[in-house]
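Shown here: work.cif, mmCIF, C-alpha atoms.
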```cif
data_data
#
loop_
_atom_site.label_atom_id
_atom_site.label_comp_id
_atom_site.auth_asym_id
_atom_site.auth_seq_id
_atom_site.Cartn_x
_atom_site.Cartn_y
_atom_site.Cartn_z
CA ASP A 29 -46.08 -158.97 -197.78
CA GLU A 30 -45.38 -155.44 -196.68
CA GLY A 31 -41.98 -156.47 -195.32
CA GLU A 32 -40.97 -158.21 -198.57
CA ARG A 33 -42.02 -155.21 -200.65
CA ARG A 34 -40.01 -152.84 -198.44
CA GLY A 35 -36.91 -155.11 -198.70
CA GLU A 36 -37.06 -155.19 -202.50
CA GLU A 37 -37.34 -151.39 -202.65
CA GLU A 38 -34.31 -150.94 -200.36
CA GLU A 39 -32.29 -153.38 -202.51
CA LYS A 40 -33.17 -151.44 -205.69
CA MET A 41 -32.28 -148.15 -204.04
CA GLY A 42 -28.90 -149.61 -203.05
CA GLU A 43 -28.23 -150.68 -206.63
CA VAL A 44 -29.19 -147.21 -207.94
CA SER A 45 -27.06 -145.51 -205.29
CA GLU A 46 -24.02 -147.74 -206.09
CA SER A 47 -24.36 -147.17 -209.86
CA ALA A 48 -24.68 -143.40 -209.38
CA SER A 49 -21.70 -143.15 -207.01
CA VAL A 50 -18.50 -141.55 -208.45
CA GLY A 51 -15.49 -142.24 -206.25
CA GLY A 52 -17.74 -143.47 -203.53
CA GLU A 53 -17.76 -146.82 -201.79
CA GLY A 54 -19.03 -148.56 -204.89
CA GLY A 55 -16.03 -147.31 -206.99
CA LYS A 56 -13.52 -148.35 -204.33
CA SER A 57 -14.97 -151.80 -204.21
CA GLY A 58 -14.50 -152.23 -208.00
CA SER A 59 -10.89 -151.00 -207.91
CA SER A 60 -10.03 -153.25 -205.01
CA LYS A 61 -11.42 -156.25 -206.84
CA LYS A 62 -9.35 -155.44 -209.97
CA ALA A 63 -6.18 -154.92 -207.90
CA ALA A 64 -6.76 -158.22 -206.14
CA VAL A 65 -7.22 -160.00 -209.46
CA ASP A 66 -4.02 -158.36 -210.85
CA ALA A 67 -2.04 -159.36 -207.77
CA GLN A 68 -3.32 -162.91 -207.99
CA SER A 69 -2.50 -163.04 -211.69
CA PHE A 70 1.02 -161.66 -211.07
CA ASN A 71 1.71 -164.14 -208.30
CA TRP A 72 0.37 -166.99 -210.40
CA VAL A 73 2.60 -166.04 -213.36
CA LYS A 74 5.57 -165.64 -211.01
CA ARG A 75 5.01 -169.10 -209.51
CA CYS A 76 4.68 -170.62 -212.97
CA MET A 77 7.89 -168.96 -214.16
CA GLU A 78 9.76 -170.08 -211.07
CA GLU A 79 8.54 -173.66 -211.47
CA LEU A 80 9.34 -173.74 -215.17
CA TYR A 81 12.58 -171.73 -215.30
CA GLY A 82 13.80 -171.50 -211.72
CA GLY A 83 16.85 -173.62 -212.55
CA ALA A 84 17.79 -171.56 -215.60
CA VAL A 85 19.78 -169.01 -213.58
CA GLY A 86 22.13 -171.67 -212.24
CA GLU A 87 22.51 -173.24 -215.68
CA LEU A 88 23.30 -169.91 -217.32
CA GLN A 89 25.76 -169.04 -214.58
CA GLY A 90 27.32 -172.43 -215.12
CA LEU A 91 27.84 -171.59 -218.79
CA GLY A 92 29.80 -168.52 -217.73
CA GLU A 93 31.97 -170.60 -215.43
CA ALA A 94 32.58 -173.11 -218.22
CA ALA A 95 33.46 -170.31 -220.66
CA GLU A 96 36.09 -169.05 -218.23
CA LYS A 97 37.88 -172.39 -218.44
CA LEU A 98 37.57 -172.78 -222.22
CA ASP A 99 37.97 -169.18 -223.44
CA ALA A 100 37.50 -166.41 -220.89
CA PHE A 101 37.33 -163.79 -223.66
CA SER A 102 33.93 -165.19 -224.70
CA THR A 103 32.40 -164.07 -221.41
CA VAL A 104 32.43 -160.52 -222.81
CA LEU A 105 30.25 -161.63 -225.73
CA MET A 106 27.94 -163.47 -223.33
CA LEU A 107 27.74 -160.33 -221.20
CA ALA A 108 26.88 -158.19 -224.23
CA GLU A 109 24.09 -160.55 -225.27
CA THR A 110 22.71 -160.70 -221.72
CA GLU A 111 22.56 -156.90 -221.52
CA HIS A 112 20.93 -156.76 -224.97
CA HIS A 113 18.11 -159.08 -223.84
CA LEU A 114 17.85 -157.23 -220.55
CA ASP A 115 17.26 -153.97 -222.42
CA ASP A 116 14.66 -155.64 -224.66
CA VAL A 117 12.66 -156.90 -221.69
CA SER A 118 12.95 -153.68 -219.71
CA ASN A 119 11.74 -151.54 -222.63
CA SER A 120 9.05 -153.90 -223.95
CA ASN A 121 5.41 -152.74 -224.39
CA ASP A 122 4.13 -156.28 -224.91
CA GLU A 123 1.66 -157.18 -222.14
CA ARG A 124 2.61 -160.83 -222.42
CA VAL A 125 6.23 -159.90 -221.70
CA ASN A 126 5.33 -157.41 -218.98
CA SER A 127 3.35 -160.00 -217.03
CA SER A 128 6.55 -162.01 -216.53
CA SER A 129 9.15 -159.24 -216.87
CA SER A 130 9.96 -159.06 -213.15
CA PHE A 131 11.11 -162.67 -213.11
CA ILE A 132 13.03 -162.37 -216.40
CA ILE A 133 14.76 -159.12 -215.43
CA ASN A 134 15.79 -160.56 -212.07
CA MET A 135 17.11 -163.70 -213.78
CA LEU A 136 19.12 -161.75 -216.38
CA LEU A 137 20.55 -159.44 -213.72
CA GLN A 138 21.83 -162.43 -211.76
CA VAL A 139 23.42 -163.82 -214.91
CA LYS A 140 24.96 -160.41 -215.73
CA PHE A 141 26.52 -160.03 -212.28
CA SER A 142 27.84 -163.57 -212.45
CA LEU A 143 29.49 -162.96 -215.86
CA GLN A 144 31.01 -159.71 -214.62
CA SER A 145 32.46 -161.59 -211.67
CA VAL A 146 33.89 -164.27 -213.97
CA PHE A 147 35.53 -161.69 -216.25
CA THR A 148 36.93 -159.66 -213.34
CA ARG A 149 38.46 -162.84 -211.96
CA PHE A 150 40.05 -163.47 -215.37
CA ILE A 151 41.61 -159.97 -215.46
CA ASP A 152 42.90 -160.32 -211.90
CA ALA A 153 44.51 -163.62 -212.90
CA GLN A 154 46.35 -161.88 -215.76
CA ILE A 155 47.68 -159.24 -213.37
CA SER A 156 48.73 -161.89 -210.86
CA ALA A 157 50.56 -163.90 -213.53
CA MET A 158 52.40 -160.77 -214.70
CA GLY A 159 53.51 -160.00 -211.16
CA GLU A 160 55.09 -163.43 -210.87
CA LEU A 161 57.39 -162.76 -213.85
CA LYS A 162 60.87 -161.66 -212.71
CA PRO A 163 62.97 -161.13 -215.87
CA ASN A 164 66.52 -159.83 -215.60
CA SER A 165 66.69 -156.21 -216.74
CA ARG A 166 70.10 -156.79 -218.33
CA TYR A 167 69.49 -156.76 -222.11
CA CYS A 168 65.89 -157.92 -221.59
CA GLY A 169 64.51 -156.19 -224.69
CA VAL A 170 60.73 -156.04 -225.05
CA LEU A 171 59.21 -157.86 -222.09
CA LEU A 172 56.66 -160.64 -222.62
CA PRO A 173 53.58 -158.82 -221.16
CA PHE A 174 54.27 -155.86 -223.48
CA LYS A 175 54.51 -158.21 -226.46
CA LYS A 176 51.23 -159.97 -225.59
CA PHE A 177 49.11 -156.96 -224.65
CA PRO A 178 48.17 -155.82 -228.23
CA THR A 179 47.05 -159.37 -229.10
CA PHE A 180 45.06 -159.50 -225.86
CA VAL A 181 43.25 -156.26 -226.78
CA ARG A 182 42.50 -157.37 -230.35
CA LYS A 183 41.00 -160.65 -229.16
CA LEU A 184 38.87 -158.96 -226.53
CA GLU A 185 37.66 -156.34 -229.01
CA SER A 186 36.61 -159.10 -231.42
CA GLN A 187 34.15 -160.39 -228.80
CA MET A 188 32.13 -157.16 -228.64
CA PRO A 189 29.24 -156.78 -231.11
CA MET A 190 29.27 -153.61 -233.21
CA GLY A 191 27.90 -150.64 -231.31
CA ARG A 192 27.69 -152.53 -228.02
CA ARG A 193 30.90 -151.77 -226.14
CA GLN A 194 31.22 -153.18 -222.64
CA PRO A 195 32.30 -150.71 -219.94
CA ILE A 196 33.91 -153.57 -218.04
CA ALA A 197 36.29 -154.12 -220.98
CA ASP A 198 37.42 -150.49 -221.04
CA SER A 199 37.88 -150.39 -217.27
CA SER A 200 39.87 -153.63 -217.50
CA TYR A 201 42.20 -152.12 -220.11
CA SER A 202 42.93 -149.24 -217.73
CA LYS A 203 43.46 -151.62 -214.84
CA LEU A 204 45.88 -153.78 -216.86
CA ILE A 205 47.86 -150.88 -218.34
CA VAL A 206 48.35 -149.12 -215.01
CA ARG A 207 49.65 -152.37 -213.51
CA LEU A 208 51.76 -153.04 -216.62
CA PHE A 209 53.54 -149.68 -216.33
CA GLU A 210 54.08 -150.17 -212.58
CA TRP A 211 55.51 -153.63 -213.17
CA LEU A 212 57.85 -152.25 -215.84
CA ASP A 213 59.19 -149.66 -213.41
CA GLY A 214 60.00 -152.39 -210.90
CA ILE A 215 61.90 -154.43 -213.50
CA ALA A 216 63.79 -151.37 -214.78
CA ARG A 217 64.95 -150.45 -211.28
CA GLN A 218 66.75 -153.77 -210.80
CA GLU A 219 69.91 -152.21 -212.27
CA GLU A 220 70.32 -148.46 -212.60
CA LYS A 221 72.60 -148.92 -215.59
CA TYR A 222 69.78 -150.38 -217.67
CA TYR A 223 66.91 -148.29 -216.27
CA HIS A 224 66.44 -146.00 -219.29
CA ILE A 225 67.08 -148.78 -221.82
CA VAL A 226 64.37 -151.06 -220.39
CA LYS A 227 61.79 -148.29 -220.21
CA MET A 228 62.68 -146.78 -223.58
CA GLU A 229 62.31 -150.03 -225.53
CA ASN A 230 59.13 -151.19 -223.82
CA PHE A 231 57.35 -147.84 -223.99
CA HIS A 232 58.32 -147.59 -227.66
CA HIS A 233 56.88 -151.04 -228.34
CA PHE A 234 53.68 -150.25 -226.45
CA SER A 235 53.00 -146.96 -228.25
CA ALA A 236 53.90 -148.30 -231.73
CA SER A 237 51.91 -151.55 -231.45
CA MET A 238 48.88 -149.96 -229.76
CA ARG A 239 48.65 -147.25 -232.43
CA GLU A 240 48.15 -150.06 -234.94
CA VAL A 241 45.46 -151.59 -232.72
CA LEU A 242 43.69 -148.22 -232.48
CA GLN A 243 43.57 -147.98 -236.28
CA SER A 244 41.86 -151.36 -236.61
CA CYS A 245 39.58 -150.89 -233.55
CA PRO A 246 38.04 -147.41 -233.91
CA GLY A 247 35.84 -147.75 -230.82
CA LEU A 248 38.84 -148.33 -228.59
CA GLU A 249 39.22 -144.82 -227.16
CA SER A 250 39.87 -145.84 -223.56
CA VAL A 251 43.55 -146.64 -224.22
CA ARG A 252 44.39 -143.61 -226.39
CA ASP A 253 45.55 -141.51 -223.42
CA TYR A 254 47.81 -144.36 -222.29
CA VAL A 255 49.39 -144.50 -225.76
CA LYS A 256 50.11 -140.76 -225.54
CA GLN A 257 51.55 -141.29 -222.09
CA ALA A 258 53.81 -144.08 -223.40
CA ASP A 259 54.96 -141.83 -226.28
CA LYS A 260 55.94 -139.12 -223.82
CA LYS A 261 57.75 -141.53 -221.52
CA TYR A 262 59.58 -143.07 -224.46
CA GLY A 263 60.85 -139.63 -225.51
CA GLU A 264 62.01 -138.81 -221.98
CA HIS A 265 63.94 -142.06 -221.57
CA GLU A 266 65.35 -141.84 -225.09
CA GLN A 267 66.91 -138.44 -224.34
CA ALA A 268 68.14 -139.59 -220.94
CA TYR A 269 69.76 -142.66 -222.52
CA LEU A 270 71.50 -140.65 -225.25
CA ASN A 271 72.79 -138.15 -222.68
CA TRP A 272 74.15 -141.05 -220.64
CA ILE A 273 75.90 -142.53 -223.69
CA ILE A 274 77.49 -139.18 -224.57
CA HIS A 275 78.51 -138.52 -221.00
CA ASP A 276 80.16 -141.92 -220.85
CA GLY A 277 81.96 -141.20 -224.14
CA ILE A 278 82.99 -137.54 -223.88
CA GLY A 279 81.55 -136.50 -220.56
CA LYS A 280 84.25 -133.90 -219.90
CA VAL A 281 83.04 -131.80 -222.85
CA GLN A 282 79.47 -132.08 -221.61
CA GLU A 283 80.43 -131.00 -218.09
CA PHE A 284 82.57 -128.12 -219.34
CA CYS A 285 79.81 -126.72 -221.57
CA ASN A 286 77.19 -127.06 -218.83
CA GLY A 287 79.48 -125.37 -216.33
CA VAL A 288 80.23 -122.41 -218.60
CA THR A 289 76.52 -122.00 -219.37
CA GLU A 290 75.74 -121.78 -215.66
CA MET A 291 78.57 -119.29 -215.07
CA ARG A 292 77.28 -117.04 -217.83
CA ASP A 293 74.29 -116.21 -215.63
CA ALA A 294 76.61 -114.40 -213.20
CA LEU A 295 79.67 -113.41 -215.29
CA SER A 296 80.36 -111.78 -218.62
CA ALA A 297 81.89 -113.82 -221.44
CA SER A 298 85.32 -112.24 -220.99
CA GLU A 299 85.45 -113.12 -217.27
CA ILE A 300 84.89 -116.87 -217.77
CA GLN A 301 88.52 -117.70 -218.63
CA TYR A 302 89.71 -116.20 -215.34
CA GLN A 303 87.75 -118.71 -213.27
CA GLU A 304 89.96 -121.57 -212.08
CA ALA A 305 87.61 -124.31 -213.23
CA PHE A 306 87.37 -122.77 -216.73
CA SER A 307 90.86 -121.35 -217.25
CA LYS A 308 92.58 -121.39 -220.64
CA ASP A 309 94.82 -124.14 -219.36
CA LYS A 310 91.77 -126.30 -218.51
CA LEU A 311 90.34 -125.54 -221.95
CA ARG A 312 93.55 -126.65 -223.71
CA ARG A 313 93.56 -129.94 -221.78
CA LEU A 314 89.95 -130.49 -222.75
CA LEU A 315 90.63 -129.88 -226.42
CA ALA A 316 93.59 -132.24 -226.25
CA ASP A 317 91.25 -134.94 -224.87
CA VAL A 318 88.75 -134.27 -227.66
CA GLY A 319 91.56 -134.60 -230.20
CA GLY A 320 91.22 -134.17 -233.92
CA ARG A 321 88.64 -135.31 -236.40
CA ASN A 322 89.71 -138.97 -236.40
CA LYS A 323 89.56 -139.23 -232.62
CA VAL A 324 86.05 -137.71 -232.48
CA HIS A 325 84.79 -140.05 -235.18
CA LYS A 326 86.30 -143.03 -233.37
CA ALA A 327 84.59 -141.93 -230.14
CA LEU A 328 81.29 -141.71 -232.03
CA ALA A 329 81.79 -145.17 -233.53
CA ASP A 330 82.53 -146.61 -230.07
CA MET A 331 79.35 -145.07 -228.67
CA LYS A 332 77.31 -146.57 -231.51
CA LYS A 333 78.81 -150.00 -230.88
CA ARG A 334 77.96 -149.73 -227.22
CA MET A 335 74.36 -148.91 -228.05
CA GLU A 336 74.22 -151.91 -230.37
CA LYS A 337 75.06 -154.14 -227.40
CA HIS A 338 72.38 -152.52 -225.27
CA LEU A 339 69.48 -152.51 -227.72
CA SER A 340 67.39 -155.47 -228.86
CA VAL A 341 67.32 -156.41 -232.52
CA GLU A 342 63.55 -156.95 -232.50
CA GLU A 343 62.68 -153.35 -231.68
CA ASN A 344 65.20 -152.02 -234.23
CA LEU A 345 65.88 -148.71 -232.46
CA HIS A 346 69.61 -148.73 -233.15
CA PRO A 347 69.58 -146.95 -236.57
CA LYS A 348 67.33 -144.18 -235.30
CA LEU A 349 69.30 -143.69 -232.09
CA CYS A 350 72.59 -143.62 -233.99
CA ASP A 351 71.30 -140.68 -236.05
CA LEU A 352 70.07 -138.92 -232.92
CA LEU A 353 73.37 -139.58 -231.14
CA GLN A 354 75.39 -138.07 -233.98
CA SER A 355 73.09 -135.05 -234.04
CA LYS A 356 73.42 -134.55 -230.27
CA LEU A 357 77.21 -134.89 -230.44
CA LYS A 358 77.37 -132.30 -233.21
CA THR A 359 75.16 -129.94 -231.15
CA LEU A 360 77.41 -130.42 -228.12
CA LEU A 361 80.62 -129.67 -230.05
CA ASP A 362 78.90 -126.71 -231.71
CA SER A 363 78.15 -125.36 -228.22
CA LEU A 364 81.82 -125.77 -227.32
CA LEU A 365 82.76 -123.92 -230.50
CA SER A 366 80.49 -121.00 -229.53
CA ILE A 367 82.13 -120.90 -226.10
CA LEU A 368 85.60 -120.76 -227.70
CA VAL A 369 84.59 -117.80 -229.84
CA GLU A 370 82.66 -115.87 -227.17
CA CYS A 371 84.77 -116.56 -224.07
CA TYR A 372 88.28 -117.50 -225.22
CA GLY A 373 88.93 -115.30 -228.23
CA GLY A 374 88.39 -118.09 -230.73
CA GLU A 375 91.31 -120.24 -229.58
CA LYS A 376 91.46 -123.50 -231.59
CA ALA A 377 88.09 -122.55 -233.08
CA SER A 378 89.02 -123.38 -236.69
CA GLU A 379 90.13 -126.92 -235.79
CA LEU A 380 86.95 -127.58 -233.82
CA GLU A 381 84.79 -126.09 -236.57
CA ALA A 382 86.27 -128.56 -239.04
CA ILE A 383 85.33 -131.42 -236.71
CA VAL A 384 81.77 -130.12 -236.30
CA ASN A 385 81.35 -129.80 -240.07
CA SER A 386 82.54 -133.38 -240.58
CA LEU A 387 79.75 -134.83 -238.46
#
```

Whole structure given in structure tokens:
Amino acid sequence: DEGERRGEEEEKMGEVSESASVGGEGGKSGSSKKAAVDAQSFNWVKRCMEELYGGAVGELQGLGEAAEKLDAFSTVLMLAETEHHLDDVSNSNDERVNSSSSFIINMLLQVKFSLQSVFTRFIDAQISAMGELKPNSRYCGVLLPFKKFPTFVRKLESQMPMGRRQPIADSSYSKLIVRLFEWLDGIARQEEKYYHIVKMENFHHFSASMREVLQSCPGLESVRDYVKQADKKYGEHEQAYLNWIIHDGIGKVQEFCNGVTEMRDALSASEIQYQEAFSKDKLRRLLADVGGRNKVHKALADMKKRMEKHLSVEENLHPKLCDLLQSKLKTLLDSLLSILVECYGGEKASELEAIVNSL
């Protein structure tokens, strides 16, 4: 009896000691039990999710593969929706969602990476197909990839929900445009004669058509710098082309004016005519080649006709370039007139002035 009574007292003391303990062995035991239950619950939910939805990843990835064959643009919409659901799960405060969030997040991430891979493969295929095109640079006009690119961008933009742009789309635009410009340079270099024409027309088409796309797709900022770059390149090749046309038409005047301008850095105006290359005799021969008003106007008309043969009808640059050509020719002859007055005592200046004023 004494032994039983002592055992009961020790048991009660143990219960009192455990209930009074704060952070002691009794508290650790309770925490461990809860952690074990949570781990068991997590593993049980994970096993259930895997058994129920383990095949969903493959099926969803299969949808992405199928979309690539039917309409690869739709993979961007699928990617946007996947990321939207991924954000919902990641930021959820619902305990029911949290208990299975690890499995769902992992599943959605696998689907996201798969869709990104599908879309990247699609973009690489576009670049590969472009590289296989070998058009002749002679009177090629606007090349097919430059014609199709604005439509490509519009279609891809239509797949992105409002306010949910896809970084992979913007990076793909950059990738395509860089390759497009490199490809254009290769085509243009086939024949030096047509180098500036090919680049001028295609850069003009790119900048004009993509400005329209930018107006209808306000979120499309990733291509704006490329449009500015195309504008600049178009201007450079336009000026180079016009200079080439003028040089081919009345190149002697161009060379004479450039030569005198360079000499003026070292000599006074009155000393120019005593240089062999710029003597009065050379000047008179030059003016004879230029001829009168009718001859200059005929030379201008011939240059315009030549440009008409070079330029494509679809881009319609001929009227604009004709105006610029006439303006550049007038500026050139006006420079020659100034040289006559400053360096040659105004010889034949009145005749040349009449020609300048007629342009």

Output the residue selection produced by the PyMOL selection byres ((chain A and resi 311) around 12) on the file above, formatted as an MDAnalysis selection string. chainID A and resid 280:281 283:285 288 300:310 312:318 364:365 367:368 371:372 374:377

Edge lengths and centre, in Å to one decimal, as JSON: that's what I need for the box along x, y and z that holds all listed atoms of segment 144-147 of chain A plus 6 Å on each side.
```
{"center_x": 33.3, "center_y": -162.0, "center_z": -214.0, "size_x": 16.5, "size_y": 16.6, "size_z": 16.6}
```

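Residue membership of the PyMOL selection byres ((chain A and resi 112) around 12) in the shown file amounts to Leu105, Met106, Leu107, Ala108, Glu109, Thr110, Glu111, His113, Leu114, Asp115, Asp116, Val117, Ser118, Asn119, Ile133, Leu136, Leu137, Lys140, Met188, Pro189, Gly191, Arg192, Arg193 and Gln194 of chain A.
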
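Taking atom CA of Ser298 of chain A and atom CA of Ser363 of chain A as the two end points, the separation is 16.6 Å.
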
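The spacing separating atom CA of Ala327 of chain A from atom CA of Phe231 of chain A amounts to 28.5 Å.
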
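Between atom CA of Ile196 of chain A and atom CA of Lys162 of chain A there is a distance of 28.6 Å.
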
Starting from the shown file, work through the PyMOL selection byres ((chain A and resi 181-185) around 8) and note down what comes out as a ChimeraX atom specification. /A:101,104,177-180,186-188,197,201,241,245

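Residues in contact range of Asp253 of chain A, defined as at most 12 Å between all atoms listed in the file, with sequence neighbours fewer than 3 positions away removed, read Tyr201, Ser202, Ile205, Val206, Ser235, Met238, Arg239, Leu242, Leu248, Glu249, Ser250, Lys256, Gln257, Ala258, Asp259 and Lys260 of chain A.
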
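Of the residues listed (A:Ser244, A:Gln138, A:Ser129, A:Gln144), A:Gln144 shows the shortest atom-to-atom separation from Thr103 of chain A; distances use all atoms listed in the file.
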
With all atoms listed in the file as the counted atoms, please give the residues lying no more than 12 Å from Ile273 of chain A, apart from itself and same-chain residues fewer than 6 positions off, as a compact mmCIF listing (two decimals) with C-alpha atoms, in the frame of the given file.
```txt
# COMPACT_ATOMS: atom_id res chain seq x y z
CA LYS A 221 72.60 -148.92 -215.59
CA TYR A 222 69.78 -150.38 -217.67
CA HIS A 224 66.44 -146.00 -219.29
CA ILE A 225 67.08 -148.78 -221.82
CA GLU A 266 65.35 -141.84 -225.09
CA GLN A 267 66.91 -138.44 -224.34
CA GLY A 279 81.55 -136.50 -220.56
CA GLN A 282 79.47 -132.08 -221.61
CA ALA A 327 84.59 -141.93 -230.14
CA LEU A 328 81.29 -141.71 -232.03
CA ALA A 329 81.79 -145.17 -233.53
CA ASP A 330 82.53 -146.61 -230.07
CA MET A 331 79.35 -145.07 -228.67
CA LYS A 332 77.31 -146.57 -231.51
CA LYS A 333 78.81 -150.00 -230.88
CA ARG A 334 77.96 -149.73 -227.22
CA MET A 335 74.36 -148.91 -228.05
CA GLU A 336 74.22 -151.91 -230.37
CA HIS A 338 72.38 -152.52 -225.27
CA LEU A 349 69.30 -143.69 -232.09
CA CYS A 350 72.59 -143.62 -233.99
CA LEU A 352 70.07 -138.92 -232.92
CA LEU A 353 73.37 -139.58 -231.14
CA GLN A 354 75.39 -138.07 -233.98
CA LYS A 356 73.42 -134.55 -230.27
CA LEU A 357 77.21 -134.89 -230.44
```

Pick the closest to Ala268 of chain A from A:Met228, A:Ser296, A:Phe234, A:Gln218: which is it, counting all atoms listed in the file? A:Met228

Since the input is missing atoms for segment 295-302 of chain A, could you rebuild it with all heavy atoms and give the result as a PDB file, in the coordinates of the input?
```pdb
ATOM      1  N   LEU A 295      78.466-114.077-214.784  1.00  0.00           N
ATOM      2  CA  LEU A 295      79.670-113.410-215.290  1.00  0.00           C
ATOM      3  C   LEU A 295      79.537-113.074-216.764  1.00  0.00           C
ATOM      4  O   LEU A 295      78.767-113.706-217.496  1.00  0.00           O
ATOM      5  CB  LEU A 295      80.896-114.314-215.088  1.00  0.00           C
ATOM      6  CG  LEU A 295      81.207-114.754-213.644  1.00  0.00           C
ATOM      7  CD1 LEU A 295      82.316-115.787-213.646  1.00  0.00           C
ATOM      8  CD2 LEU A 295      81.586-113.553-212.790  1.00  0.00           C
ATOM      9  N   SER A 296      80.310-112.109-217.191  1.00  0.00           N
ATOM     10  CA  SER A 296      80.360-111.780-218.620  1.00  0.00           C
ATOM     11  C   SER A 296      81.229-112.805-219.330  1.00  0.00           C
ATOM     12  O   SER A 296      81.996-113.551-218.703  1.00  0.00           O
ATOM     13  CB  SER A 296      80.946-110.379-218.813  1.00  0.00           C
ATOM     14  OG  SER A 296      82.305-110.348-218.388  1.00  0.00           O
ATOM     15  N   ALA A 297      81.140-112.839-220.652  1.00  0.00           N
ATOM     16  CA  ALA A 297      81.890-113.820-221.440  1.00  0.00           C
ATOM     17  C   ALA A 297      83.392-113.690-221.227  1.00  0.00           C
ATOM     18  O   ALA A 297      84.120-114.685-221.129  1.00  0.00           O
ATOM     19  CB  ALA A 297      81.538-113.657-222.916  1.00  0.00           C
ATOM     20  N   SER A 298      83.877-112.464-221.133  1.00  0.00           N
ATOM     21  CA  SER A 298      85.320-112.240-220.990  1.00  0.00           C
ATOM     22  C   SER A 298      85.856-112.658-219.634  1.00  0.00           C
ATOM     23  O   SER A 298      87.068-112.872-219.469  1.00  0.00           O
ATOM     24  CB  SER A 298      85.645-110.761-221.244  1.00  0.00           C
ATOM     25  OG  SER A 298      84.952-109.938-220.304  1.00  0.00           O
ATOM     26  N   GLU A 299      85.010-112.771-218.623  1.00  0.00           N
ATOM     27  CA  GLU A 299      85.450-113.120-217.270  1.00  0.00           C
ATOM     28  C   GLU A 299      85.542-114.636-217.057  1.00  0.00           C
ATOM     29  O   GLU A 299      86.141-115.097-216.084  1.00  0.00           O
ATOM     30  CB  GLU A 299      84.471-112.534-216.238  1.00  0.00           C
ATOM     31  CG  GLU A 299      84.469-111.021-216.163  1.00  0.00           C
ATOM     32  CD  GLU A 299      83.429-110.486-215.202  1.00  0.00           C
ATOM     33  OE1 GLU A 299      82.239-110.853-215.366  1.00  0.00           O
ATOM     34  OE2 GLU A 299      83.797-109.698-214.305  1.00  0.00           O
ATOM     35  N   ILE A 300      84.952-115.429-217.952  1.00  0.00           N
ATOM     36  CA  ILE A 300      84.890-116.870-217.770  1.00  0.00           C
ATOM     37  C   ILE A 300      86.289-117.491-217.674  1.00  0.00           C
ATOM     38  O   ILE A 300      86.560-118.319-216.805  1.00  0.00           O
ATOM     39  CB  ILE A 300      84.099-117.530-218.924  1.00  0.00           C
ATOM     40  CG1 ILE A 300      82.638-117.074-218.911  1.00  0.00           C
ATOM     41  CG2 ILE A 300      84.188-119.054-218.847  1.00  0.00           C
ATOM     42  CD1 ILE A 300      81.845-117.509-217.718  1.00  0.00           C
ATOM     43  N   GLN A 301      87.197-117.081-218.566  1.00  0.00           N
ATOM     44  CA  GLN A 301      88.520-117.700-218.630  1.00  0.00           C
ATOM     45  C   GLN A 301      89.377-117.450-217.395  1.00  0.00           C
ATOM     46  O   GLN A 301      90.404-118.105-217.191  1.00  0.00           O
ATOM     47  CB  GLN A 301      89.278-117.231-219.875  1.00  0.00           C
ATOM     48  CG  GLN A 301      89.532-115.744-219.923  1.00  0.00           C
ATOM     49  CD  GLN A 301      90.255-115.337-221.182  1.00  0.00           C
ATOM     50  OE1 GLN A 301      91.390-115.772-221.415  1.00  0.00           O
ATOM     51  NE2 GLN A 301      89.595-114.523-222.003  1.00  0.00           N
ATOM     52  N   TYR A 302      88.948-116.503-216.544  1.00  0.00           N
ATOM     53  CA  TYR A 302      89.710-116.200-215.340  1.00  0.00           C
ATOM     54  C   TYR A 302      89.210-116.993-214.128  1.00  0.00           C
ATOM     55  O   TYR A 302      89.759-116.845-213.030  1.00  0.00           O
ATOM     56  CB  TYR A 302      89.637-114.696-215.043  1.00  0.00           C
ATOM     57  CG  TYR A 302      90.221-113.867-216.168  1.00  0.00           C
ATOM     58  CD1 TYR A 302      89.406-113.087-216.978  1.00  0.00           C
ATOM     59  CD2 TYR A 302      91.594-113.897-216.434  1.00  0.00           C
ATOM     60  CE1 TYR A 302      89.942-112.342-218.018  1.00  0.00           C
ATOM     61  CE2 TYR A 302      92.137-113.153-217.483  1.00  0.00           C
ATOM     62  CZ  TYR A 302      91.306-112.383-218.274  1.00  0.00           C
ATOM     63  OH  TYR A 302      91.830-111.651-219.315  1.00  0.00           O
TER      64      TYR A 302
END
```
